[in-house]
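A short write-up of the structure that comes next.
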Protein chains: 2
Amino acid sequence: MSPTPAVPGGKRPTLADVAARADVSVALVSVVMRGAKGAGAATRERVLRAAKEIGYRPDSRARLLRSSRSRLLGVQFELQQPFHTDLVERLYSAAEPAGYQIALGAVAPSRSERQAVEALLADRCEALILLGPQVPAARLAELAAQLPVVSVARRLRPPPSGVDVVRTADDEGARQAVDHLVALGHRDIAHIDGGRAPGAADRRRGYRTAMNRQGLGEHAQVLPGGSTEEDGAAAARALLDADRRPTAVLAFNDLCATGVLDTLLRARVPVPDEISVIGFDDTRLARLAHVDLTTVRQDIAHLAQLTVGRAVARLEGEAPSEGPGQEIVVEPHLVTRGTTAAPPAT
Amino acid sequence: MSPTPAVPGGKRPTLADVAARADVSVALVSVVMRGAKGAGAATRERVLRAAKEIGYRPDSRARLLRSSRSRLLGVQFELQQPFHTDLVERLYSAAEPAGYQIALGAVAPSRSERQAVEALLADRCEALILLGPQVPAARLAELAAQLPVVSVARRLRPPPSGVDVVRTADDEGARQAVDHLVALGHRDIAHIDGGRAPGAADRRRGYRTAMNRQGLGEHAQVLPGGSTEEDGAAAARALLDADRRPTAVLAFNDLCATGVLDTLLRARVPVPDEISVIGFDDTRLARLAHVDLTTVRQDIAHLAQLTVGRAVARLEGEAPSEGPGQEIVVEPHLVTRGTTAAPPAT
DNA sequence: TTCCGGAACTAGAACGTTCTAGTCACCGGA
DNA sequence: TCCGGTGACTAGAACGTTCTAGTTCCGGAA
């Protein structure tokens with residue numbers, strides 16, 4: 001039924017084993033395995049059968065070693081960021097039709113960006129896709145000298161040569177959030193920022209600009225925050241202790257917003273009746289029905305498409321690794337859910 | 001400052017390039033790069049400098065191709081399962097001190113377990129670590145004939161030869177949950193099951209046994225559910241429509257429990273005052289302070305340790321791939337948070 | 001009949017490492 | 001003086017593929 005997996009000497013079968021069994025040359029087996037043309041129908045059949053019988057599996061290491069192209073895109077992502085895992089999922093879908101594979105390099109508290117990238121490079125991937133990289137721009141430029149690099153969700157101004165940037169218009173997202181709140185009647189709108197996280201500066205700037213444009217410059221208030229729930233919770237506590245409580249809060253991202261919601265809930269401050277809250281990213285978290293967070297949506301599928309597109313364009317001709325970095329900006333849009341409403345009547 | 005990254009012919013530098021520059025043999029450069037002994041201090045220094053100057057990076061493909069050992073553990077995980085990403089993080093930490101690397105194979109709606117495993121095998125990893133695999137046991141046995149396989153969180157009875165199982169005592173977890181609820185005074189305790197998800201059968205059985213042992217057999221009620229929030233939400237709706245509402249619900253996992261909470265919240269059924277809810281896994285989600293879910297904790301760090309331990313034991317001597325599969329069971333323990341309390345007075 | 005073209009197939013050299021089996025120089029002891 | 005040992009270093013063969021440059025065979029055109 002299933003292929004006889006018993007390998008002769010405990011070693012995994014190779015092309016040579018298949019060749020011996022099918023009584024053809026190694027080269028021809030290679031041809032058949034790749035599905036290339038140059039083999040007769042009958043032989044092809046025989047080779048495939050032999051391969052199946054001994055449980056042959058191509059060795060991608062050897063394969064990649066030999067062929068000049070590896071057709072491998074290295075993706076650095078943060079294991080615990082829902083935004084990243086969503087993106088990775090889409091990257092798989094986007095890479096396949098283009099004929100590329102994805103190699104994952106995870107970043108976690110116990111594993112630095114440097115480690116992840118080193119591993120990916122050692123794996124010989126042809127291009128690097130970095131999700132929200134935190135390393136200095138100089139380092140990116142250094143990498144770009146060796147292979148195409150796409151920075152996702154992290155703005156670089158200007159992009160170093162060889163580094164393309166694919167990102168959402170963070171400032172525009174913040175503007176939409178502010179405008180939505182103002183339209184609801186809010187004036188005291190605070191922003192909990194993301195510190196040094198990628199995108200934080202733009203969102204902060206977008207918030208400030210939007211407030212000014214609305215003539216609410218004096219009501220602007222930026223609280224130090226971060227990208228985790230704890231950051232949001234801490235900022236919210238500070239907020240509650242403040243002299244003048246805002247009636248609405250724009251958090252750096254969904255996770256941060258969740259922290260805010262939590263603190264408010266515990267303090268028995270009704271949301272959105274007393275305070276409205278907006279997140280950013282529209283991760284699964286925000287959609288959880290009992291979080292039901294109004295948030296600024298990033299179009300993840302589109303970002304993934306564009307990212308793979310850039311990497312592939314670089315790889316297939318067009319300015320392989322040189323050339324000025326392009327910047328592709330995707331528009332976000334606000335998703336209105338249950339955490340925003342008109343401010344309480346004074 | 002930084003290594004001159006400009007590669008001569010656009011090709012990445014190899015051992016030979018370093019050797020030429022340092023005026024030594026290729027073999028010696030290999031020795032130095034591996035940090036093996038057999039090179040003089042002065043030469044070592046010179047070689048390292050040369051390598052740095054031309055930006056040499058070892059090619060892990062070639063390296064692994066040549067050496068019999070790849071020291072690579074293939075990990076199949078589900079991109080969107082917080083339980084899995086938590087586990088992966090710990091697997092990194094556990095593998096490093098043992099001298100092994102981790103290769104990731106992601107499973108997502110657009111990427112099947114088969115695809116993930118094929119990719120890992122092609123990458124030549126020495127053992128397979130499968131997180132909550134859904135494939136039939138026969139398939140696992142087939143894989144185990146080729147290399148050690150560890151199934152995490154999925155029980156196999158009996159484990160096929162060559163397949164080790166590392167899991168939490170799901171039935172015991174369910175028992176703890178039931179006992180906790182009974183101690184609080186509950187009698188009508190329902191269970192929303194996980195369908196065909198790994199572990200679901202055990203949790204269901206554990207629930208039933210515990211109910212019987214408490215003399216509450218007739219109050220037992222299992223509702224079809226699943227591992228997602230929607231599954232939980234749907235089951236909760238069914239629950240509310242039922243003739244006799246339970247006063248407590250044990251959900252298959254945290255995500256499912258979140259769905260339950262949501263539905264209850266929307267229906268204005270206060271938790272835990274009217275209905276208590278318990279989850280399973282103790283993922284980040286449960287700890288989010290405004291979810292604050294009472295749940296059954298799986299000791300993820302420990303599971304990861306044991307998993308790597310099994311794989312390494314198989315690889316380094318002890319019954320390389322043959323031998324009956326071992327089963328290692330870790331005890332769970334209940335974490336009491338805010339979603340459980342005494343039932344309402346009748 | 002000869003010759004050409006193409007399809008089917010093969011031998012052998014890469015690819016960038018590591019590993020085995022050396023060679024060579026030097027030192028200490030008899 | 002010679003011997004054996006040791007540390008530094010090297011040549012060349014693997015590893016499992018793919019690629020290049022063939023060779024062989026056959027059918028059809030001239």
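Just so we're on the same page: first chain in the structure tokens is A, next is B, and so on; residues restart at 1 for each chain, and ligands are numbered from 1 in the order they show up.
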Could you give me, as a ChimeraX atom specification, each residue of stretch 88-318 of chain A that DSSP assigns to strand (DSSP E) when run on this structure's backbone? /A:101-107,127-131,149-152,163-168,189-192,221-223,248-251,276-281,294-297
Please identify every residue of chain C that has at least one atom no more than 10 Å from any atom of chain B, counting only C-alpha atoms (C1' of nucleotides), and report them as number ranges by chain. C: 15-19
Using only C-alpha atoms, can you tell me which of B:Gln146, B:Ser276, B:Thr295, B:Gln214 comes closest to chain A? B:Gln146
Taking only C-alpha atoms (C1' of nucleotides) into account, find every residue of chain D that has an atom no more than 7 Å from chain B, and write it out as a list in words. DA8, DT10 and DC15 of chain D
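With only C-alpha atoms as the atoms that count, the minimum distance from chain A to the choices B:Ala108, B:Ala174, B:Ile328, B:Ala190 is reached by B:Ala108.
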Counting only C-alpha atoms, which residues of chain A fall within 8 Å of chain B, and what is the closest atom pair for each with its distance in Å at one decimal, ordered by chain and rising number, as CSV?
```
residue,atom,partner,partner_atom,distance
A:Ser2,CA,B:Glu142,CA,7.7
A:Pro5,CA,B:Ala145,CA,6.1
A:Ala6,CA,B:Ala145,CA,6.8
A:Val7,CA,B:Gln146,CA,7.7
A:Arg12,CA,B:Gln146,CA,7.7
A:Arg57,CA,B:Ala122,CA,6.7
A:Pro58,CA,B:Ala122,CA,6.1
A:Asp59,CA,B:Ala122,CA,5.0
A:Ser60,CA,B:Ala122,CA,5.0
A:Arg61,CA,B:Arg61,CA,4.9
A:Ala62,CA,B:Leu65,CA,6.1
A:Leu64,CA,B:Arg61,CA,7.4
A:Leu65,CA,B:Ala62,CA,6.1
A:Leu79,CA,B:Thr85,CA,6.1
A:Gln80,CA,B:Thr85,CA,6.8
A:Pro82,CA,B:Gln80,CA,7.8
A:Thr85,CA,B:Leu79,CA,6.0
A:Asp86,CA,B:Gln80,CA,7.6
A:Glu89,CA,B:Ala108,CA,6.4
A:Tyr92,CA,B:Ser110,CA,7.6
A:Ser93,CA,B:Ser110,CA,6.5
A:Ala103,CA,B:Leu104,CA,7.8
A:Leu104,CA,B:Leu104,CA,6.2
A:Gly105,CA,B:Leu104,CA,7.9
A:Ala108,CA,B:Glu89,CA,6.4
A:Ser110,CA,B:Ser93,CA,6.5
A:Arg111,CA,B:Tyr92,CA,7.8
A:Leu121,CA,B:Arg57,CA,7.9
A:Ala122,CA,B:Asp59,CA,5.0
A:Asp123,CA,B:Ser60,CA,5.7
A:Arg124,CA,B:Asp59,CA,6.8
A:Glu142,CA,B:Pro5,CA,7.2
A:Ala145,CA,B:Pro5,CA,6.2
A:Gln146,CA,B:Pro5,CA,6.6
A:Glu229,CA,B:Leu288,CA,7.6
A:Thr258,CA,B:Leu288,CA,7.9
A:Gly259,CA,B:Ala289,CA,7.4
A:Leu261,CA,B:His290,CA,7.3
A:Asp262,CA,B:His290,CA,4.5
A:Thr263,CA,B:His290,CA,7.8
A:Leu265,CA,B:His290,CA,7.1
A:Arg266,CA,B:His290,CA,7.7
A:Leu288,CA,B:Glu229,CA,7.5
A:Ala289,CA,B:Asp262,CA,5.9
A:His290,CA,B:Asp262,CA,4.5
```
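Proximity of B:Glu327, B:Glu126, B:Glu316, B:Asp254 to B:Thr339, computed with only C-alpha atoms, is greatest for B:Asp254.
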Considering only C-alpha atoms (C1' of nucleotides), return as a count of residues only whatever protein or nucleic-acid residues lie within 12 Å of D:DC3, sequence-local ones (same chain, fewer than 3 positions apart) excluded. 4
Close residues, B:Ser227 itself excluded, 12 Å, only C-alpha atoms (C1' of nucleotides), min 4 positions apart in chain, as a VMD selection string: chain B and resid 80 to 83 192 to 200 231 to 235 251 to 260 279 to 281
